[in-house]
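Enquirer: Questions regarding the structure given below will be posed in turn.
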Amino acid sequence: MDVLQRIAYIMHGMPGTGKSPLAKELAGARGNVFSTSDLFVVDDVYHFDARKLGDFHEQNFLNFCAALDRRVQVVVCDNTNSMPFEWSRYETAARVRRYKVVHIWMPIIDPEKASKGTHNVPIESCKRIGDRLQFHMKNHNVQPNSHLFIKP
């Protein structure tokens with residue numbers, strides 16, 4: 001058994017809520033952060049291409065799993081994770097490898113403010129993400145910034 005318990009954080013939140021800075025802080029020197037958005041960065045410039053989204057989500061998951069297999073002490077999934085199908089495979093992959101899983105739920109913010117974040121996500125997309133997050137937070141009895149995931 002490891003002296004330090006391995007931990008997997010799963011971030012949930014709209015664009016512009018501070019997921020990425022918190023993810024980096026949580027990972028610290030012992031961990032890795034896995035964000036599908038990072039795969040769209042070329043030469044330090046974000047270039048979103050909807051045609052690549054599915055492939056990049058799959059690559060991000062495979063990268064996350066590879067870190068779990070290497071027994072990286074702290075792994076962080078830094079995506080919006082607004083739907084169970086988006087986060088459940090990350091959770092399952094971590095649990096079967098005996099990682100402690102902690103879900104981090106960020107506050108819901110105004111979609112207009114969210115759309116002005118780093119990636120310029122359209123307002124309508126931000127609204128849909130916020131609505132889904134709000135639904136699942138209510139459904140799972142989660143408070144923003146609670147750093148807990150309480151299953152019903």
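Order determines the names: the first chain of the structure tokens is A, the second B, and so forth; residues in each chain are numbered 1 upward, and ligands are numbered 1 upward as they are shown.
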Can you tell me, as a list of chain:residue names, what residues are no more than 12 Å from Phe48 (chain A) when counting only C-alpha atoms, ignoring any on the same chain fewer than 4 positions away?
Expert: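 After dropping sequence-adjacent residues, the list is A:Thr36, A:Ser37, A:Asp38, A:Leu39, A:Phe40, A:Val41, A:Val42, A:Lys52, A:Leu53, A:Phe56, A:Thr118, A:His119, A:Asn120, A:Val121, A:Pro122.
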Enquirer: Mind writing the picked residues with C-alpha atoms as an mmCIF file, in the first residue's frame?
Expert:
data_model
loop_
_atom_site.group_PDB
_atom_site.id
_atom_site.type_symbol
_atom_site.label_atom_id
_atom_site.label_comp_id
_atom_site.auth_asym_id
_atom_site.auth_seq_id
_atom_site.Cartn_x
_atom_site.Cartn_y
_atom_site.Cartn_z
ATOM 1 C CA THR A 36 -9.561 18.232 -23.560
ATOM 2 C CA SER A 37 -9.260 21.983 -24.210
ATOM 3 C CA ASP A 38 -5.469 21.722 -23.972
ATOM 4 C CA LEU A 39 -5.466 19.444 -27.007
ATOM 5 C CA PHE A 40 -6.780 22.341 -29.114
ATOM 6 C CA VAL A 41 -3.733 24.479 -28.272
ATOM 7 C CA VAL A 42 -1.157 24.780 -31.056
ATOM 8 C CA LYS A 52 -11.941 17.103 -33.512
ATOM 9 C CA LEU A 53 -13.939 17.284 -30.283
ATOM 10 C CA PHE A 56 -9.824 14.874 -28.428
ATOM 11 C CA THR A 118 -10.299 31.935 -22.335
ATOM 12 C CA HIS A 119 -11.949 29.809 -25.018
ATOM 13 C CA ASN A 120 -14.756 32.160 -26.136
ATOM 14 C CA VAL A 121 -17.460 29.506 -25.812
ATOM 15 C CA PRO A 122 -20.745 30.767 -27.338
#
Enquirer: Contacts between region 71-76 of chain A and region 10-39 of chain A, please, where a residue of region 10-39 of chain A counts if it comes within 7 Å (with only C-alpha atoms); show its shortest atom pair and distance in Å to one decimal, rows by chain and ascending number, as a Markdown table.
Expert:
| residue | atom | partner | partner_atom | distance |
| --- | --- | --- | --- | --- |
| A:Ile10 | CA | A:Val76 | CA | 5.9 |
| A:Ala23 | CA | A:Val76 | CA | 6.2 |
| A:Ala27 | CA | A:Val74 | CA | 5.6 |
| A:Arg30 | CA | A:Gln73 | CA | 5.8 |
| A:Gly31 | CA | A:Val74 | CA | 4.2 |
| A:Asn32 | CA | A:Val75 | CA | 5.1 |
| A:Val33 | CA | A:Val76 | CA | 4.7 |
| A:Phe34 | CA | A:Val76 | CA | 6.0 |
Enquirer: Pick out the residues sitting within 9 Å of Lys113 (chain A), and hand them over as a ChimeraX atom specification; count only C-alpha atoms, and ignore anything fewer than 4 positions along from it in its own chain.
Expert: /A:15-16,109,117,123
Enquirer: Counting only C-alpha atoms, which residue out of A:Met137, A:Cys126, A:Ala66, A:Leu26 sits closest to Met106 (chain A)?
Expert: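 Closest residue, counting only C-alpha atoms: A:Met137.
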Enquirer: Compile the contact shell of Ser82 (chain A) as a list in words: residues with an atom at most 10 Å away, counting only C-alpha atoms, same-chain residues fewer than 2 positions apart removed.
Expert: Met11, His12, Gly13, Met14, Asn79, Thr80, Pro84, Phe85, Glu86, Trp87, Trp105, Arg128, Ile129, Gly130, Asp131, Arg132, Leu133, Gln134, Phe135, His136 and Met137 of chain A
Enquirer: Can I get the selection written as an mmCIF file, in the first residue's frame, with N, CA and C atoms?
Expert:
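For reference, selection07.cif as written:
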data_model
loop_
_atom_site.group_PDB
_atom_site.id
_atom_site.type_symbol
_atom_site.label_atom_id
_atom_site.label_comp_id
_atom_site.auth_asym_id
_atom_site.auth_seq_id
_atom_site.Cartn_x
_atom_site.Cartn_y
_atom_site.Cartn_z
ATOM 1 N N MET A 11 -13.167 17.712 -12.137
ATOM 2 C CA MET A 11 -13.688 19.075 -12.109
ATOM 3 C C MET A 11 -15.028 19.125 -12.840
ATOM 4 N N HIS A 12 -15.939 19.966 -12.336
ATOM 5 C CA HIS A 12 -17.238 20.213 -12.977
ATOM 6 C C HIS A 12 -17.441 21.726 -12.973
ATOM 7 N N GLY A 13 -17.736 22.294 -14.126
ATOM 8 C CA GLY A 13 -18.011 23.724 -14.121
ATOM 9 C C GLY A 13 -18.076 24.334 -15.496
ATOM 10 N N MET A 14 -18.720 25.472 -15.534
ATOM 11 C CA MET A 14 -18.841 26.238 -16.767
ATOM 12 C C MET A 14 -17.488 26.832 -17.131
ATOM 13 N N ASN A 79 -12.347 19.101 -17.279
ATOM 14 C CA ASN A 79 -13.328 19.354 -18.331
ATOM 15 C C ASN A 79 -14.573 19.948 -17.679
ATOM 16 N N THR A 80 -15.563 20.352 -18.492
ATOM 17 C CA THR A 80 -16.789 20.884 -17.902
ATOM 18 C C THR A 80 -17.558 19.797 -17.157
ATOM 19 N N PRO A 84 -23.375 13.029 -16.633
ATOM 20 C CA PRO A 84 -22.763 11.824 -16.068
ATOM 21 C C PRO A 84 -21.936 11.018 -17.072
ATOM 22 N N PHE A 85 -22.390 10.923 -18.317
ATOM 23 C CA PHE A 85 -21.620 10.141 -19.283
ATOM 24 C C PHE A 85 -20.247 10.773 -19.550
ATOM 25 N N GLU A 86 -20.122 12.068 -19.286
ATOM 26 C CA GLU A 86 -18.831 12.736 -19.494
ATOM 27 C C GLU A 86 -17.851 12.405 -18.379
ATOM 28 N N TRP A 87 -18.325 12.304 -17.143
ATOM 29 C CA TRP A 87 -17.403 12.084 -16.036
ATOM 30 C C TRP A 87 -17.345 10.641 -15.546
ATOM 31 N N TRP A 105 -17.082 20.749 -7.715
ATOM 32 C CA TRP A 105 -18.176 21.431 -8.399
ATOM 33 C C TRP A 105 -17.998 22.937 -8.238
ATOM 34 N N ARG A 128 -26.411 26.072 -21.894
ATOM 35 C CA ARG A 128 -26.726 24.636 -21.833
ATOM 36 C C ARG A 128 -25.853 23.932 -20.791
ATOM 37 N N ILE A 129 -24.574 24.264 -20.760
ATOM 38 C CA ILE A 129 -23.667 23.664 -19.773
ATOM 39 C C ILE A 129 -24.135 24.015 -18.362
ATOM 40 N N GLY A 130 -24.454 25.280 -18.142
ATOM 41 C CA GLY A 130 -24.921 25.722 -16.829
ATOM 42 C C GLY A 130 -26.205 25.029 -16.412
ATOM 43 N N ASP A 131 -27.146 24.881 -17.351
ATOM 44 C CA ASP A 131 -28.417 24.206 -17.049
ATOM 45 C C ASP A 131 -28.182 22.751 -16.662
ATOM 46 N N ARG A 132 -27.305 22.072 -17.404
ATOM 47 C CA ARG A 132 -27.020 20.662 -17.101
ATOM 48 C C ARG A 132 -26.331 20.537 -15.753
ATOM 49 N N LEU A 133 -25.374 21.405 -15.481
ATOM 50 C CA LEU A 133 -24.681 21.361 -14.191
ATOM 51 C C LEU A 133 -25.654 21.598 -13.048
ATOM 52 N N GLN A 134 -26.506 22.592 -13.210
ATOM 53 C CA GLN A 134 -27.469 22.905 -12.162
ATOM 54 C C GLN A 134 -28.396 21.713 -11.899
ATOM 55 N N PHE A 135 -28.841 21.066 -12.953
ATOM 56 C CA PHE A 135 -29.705 19.895 -12.813
ATOM 57 C C PHE A 135 -28.998 18.793 -12.024
ATOM 58 N N HIS A 136 -27.763 18.481 -12.409
ATOM 59 C CA HIS A 136 -27.056 17.375 -11.758
ATOM 60 C C HIS A 136 -26.608 17.731 -10.347
ATOM 61 N N MET A 137 -26.298 18.983 -10.110
ATOM 62 C CA MET A 137 -25.952 19.390 -8.749
ATOM 63 C C MET A 137 -27.159 19.219 -7.836
#
Enquirer: Of the candidates A:Asn139, A:Arg51, A:Asp69, A:Asn63, which one gets nearest to Ala94 (chain A) if we count only C-alpha atoms?
Expert: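 Among A:Asn139, A:Arg51, A:Asp69, A:Asn63, it is A:Asp69 that comes nearest to Ala94 (chain A).
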Enquirer: When distances are computed from only C-alpha atoms, which of A:Asn141, A:Ser35, A:Ser125, A:Thr17 shows the smallest separation from Leu62 (chain A)?
Expert: A:Ser35
Enquirer: From a DSSP pass on the backbone, collect the residues of chain A flagged as strand (DSSP E or B) and hand them back as an MDAnalysis selection string.
Expert: chainID A and resid 7:12 31:34 41:42 45:46 74:77 100:105
Enquirer: Measure the distance from CA of Gly18 (chain A) to CA of His47 (chain A) in Å and round it to one decimal.
Expert: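 If I compute the distance from CA of Gly18 (chain A) to CA of His47 (chain A), I get 20.1 Å.
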Enquirer: Rank A:Ser115, A:Ala67, A:Val102, A:Phe61 by their smallest atom-to-atom distance to Arg89 (chain A), using only C-alpha atoms, and report the top residue only.
Expert: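 Closest to Arg89 (chain A), using only C-alpha atoms: A:Phe61.
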Enquirer: Suppose you want the space between CA of Val101 (chain A) and CA of Ser88 (chain A); what is it in Å?
Expert: 11.0 Å
Enquirer: Step one, run DSSP on the backbone; step two, keep only residues of region 47-83 of chain A assigned to helix (DSSP H, G or I); then write them as a short mmCIF file (atom, residue, chain, number, x, y, z; two decimals) with N, CA and C atoms, in the first residue's frame.
Expert:
data_model
loop_
_atom_site.label_atom_id
_atom_site.label_comp_id
_atom_site.auth_asym_id
_atom_site.auth_seq_id
_atom_site.Cartn_x
_atom_site.Cartn_y
_atom_site.Cartn_z
N ALA A 50 -14.67 21.84 -33.94
CA ALA A 50 -15.72 20.92 -33.48
C ALA A 50 -15.55 19.52 -34.06
N ARG A 51 -14.96 19.41 -35.24
CA ARG A 51 -14.77 18.10 -35.87
C ARG A 51 -13.79 17.23 -35.08
N LYS A 52 -12.94 17.85 -34.29
CA LYS A 52 -11.94 17.10 -33.51
C LYS A 52 -12.38 16.82 -32.08
N LEU A 53 -13.53 17.36 -31.68
CA LEU A 53 -13.94 17.28 -30.28
C LEU A 53 -14.05 15.85 -29.77
N GLY A 54 -14.72 14.99 -30.49
CA GLY A 54 -14.87 13.59 -30.06
C GLY A 54 -13.53 12.89 -29.93
N ASP A 55 -12.68 13.05 -30.94
CA ASP A 55 -11.35 12.43 -30.90
C ASP A 55 -10.52 12.98 -29.75
N PHE A 56 -10.61 14.27 -29.50
CA PHE A 56 -9.82 14.87 -28.43
C PHE A 56 -10.34 14.46 -27.05
N HIS A 57 -11.66 14.29 -26.91
CA HIS A 57 -12.18 13.78 -25.64
C HIS A 57 -11.65 12.36 -25.39
N GLU A 58 -11.64 11.56 -26.44
CA GLU A 58 -11.12 10.19 -26.29
C GLU A 58 -9.63 10.21 -25.95
N GLN A 59 -8.86 11.06 -26.61
CA GLN A 59 -7.43 11.14 -26.33
C GLN A 59 -7.17 11.62 -24.90
N ASN A 60 -7.95 12.58 -24.45
CA ASN A 60 -7.80 13.08 -23.08
C ASN A 60 -8.05 11.96 -22.07
N PHE A 61 -9.10 11.16 -22.32
CA PHE A 61 -9.40 10.04 -21.43
C PHE A 61 -8.27 9.02 -21.44
N LEU A 62 -7.74 8.70 -22.60
CA LEU A 62 -6.63 7.74 -22.69
C LEU A 62 -5.39 8.27 -21.97
N ASN A 63 -5.13 9.56 -22.09
CA ASN A 63 -4.00 10.17 -21.38
C ASN A 63 -4.20 10.09 -19.86
N PHE A 64 -5.41 10.35 -19.41
CA PHE A 64 -5.77 10.26 -18.00
C PHE A 64 -5.52 8.83 -17.50
N CYS A 65 -6.00 7.85 -18.27
CA CYS A 65 -5.83 6.44 -17.88
C CYS A 65 -4.37 6.04 -17.85
N ALA A 66 -3.60 6.54 -18.79
CA ALA A 66 -2.16 6.22 -18.81
C ALA A 66 -1.48 6.74 -17.55
N ALA A 67 -1.88 7.92 -17.08
CA ALA A 67 -1.33 8.46 -15.83
C ALA A 67 -1.75 7.60 -14.64
N LEU A 68 -2.99 7.13 -14.65
CA LEU A 68 -3.44 6.23 -13.58
C LEU A 68 -2.59 4.96 -13.59
N ASP A 69 -2.34 4.42 -14.77
CA ASP A 69 -1.55 3.19 -14.88
C ASP A 69 -0.10 3.40 -14.43
#
Enquirer: Kindly indicate which residue among A:His140, A:Lys116, A:Tyr46, A:Lys127 lies nearest to His103 (chain A), using only C-alpha atoms for the distances.
Expert: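 Closest to His103 (chain A) of all the choices is A:His140.
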Enquirer: Could you tell me how far CA of Lys24 (chain A) lies from CA of Val45 (chain A), in Å and to one decimal?
Expert: 19.0 Å
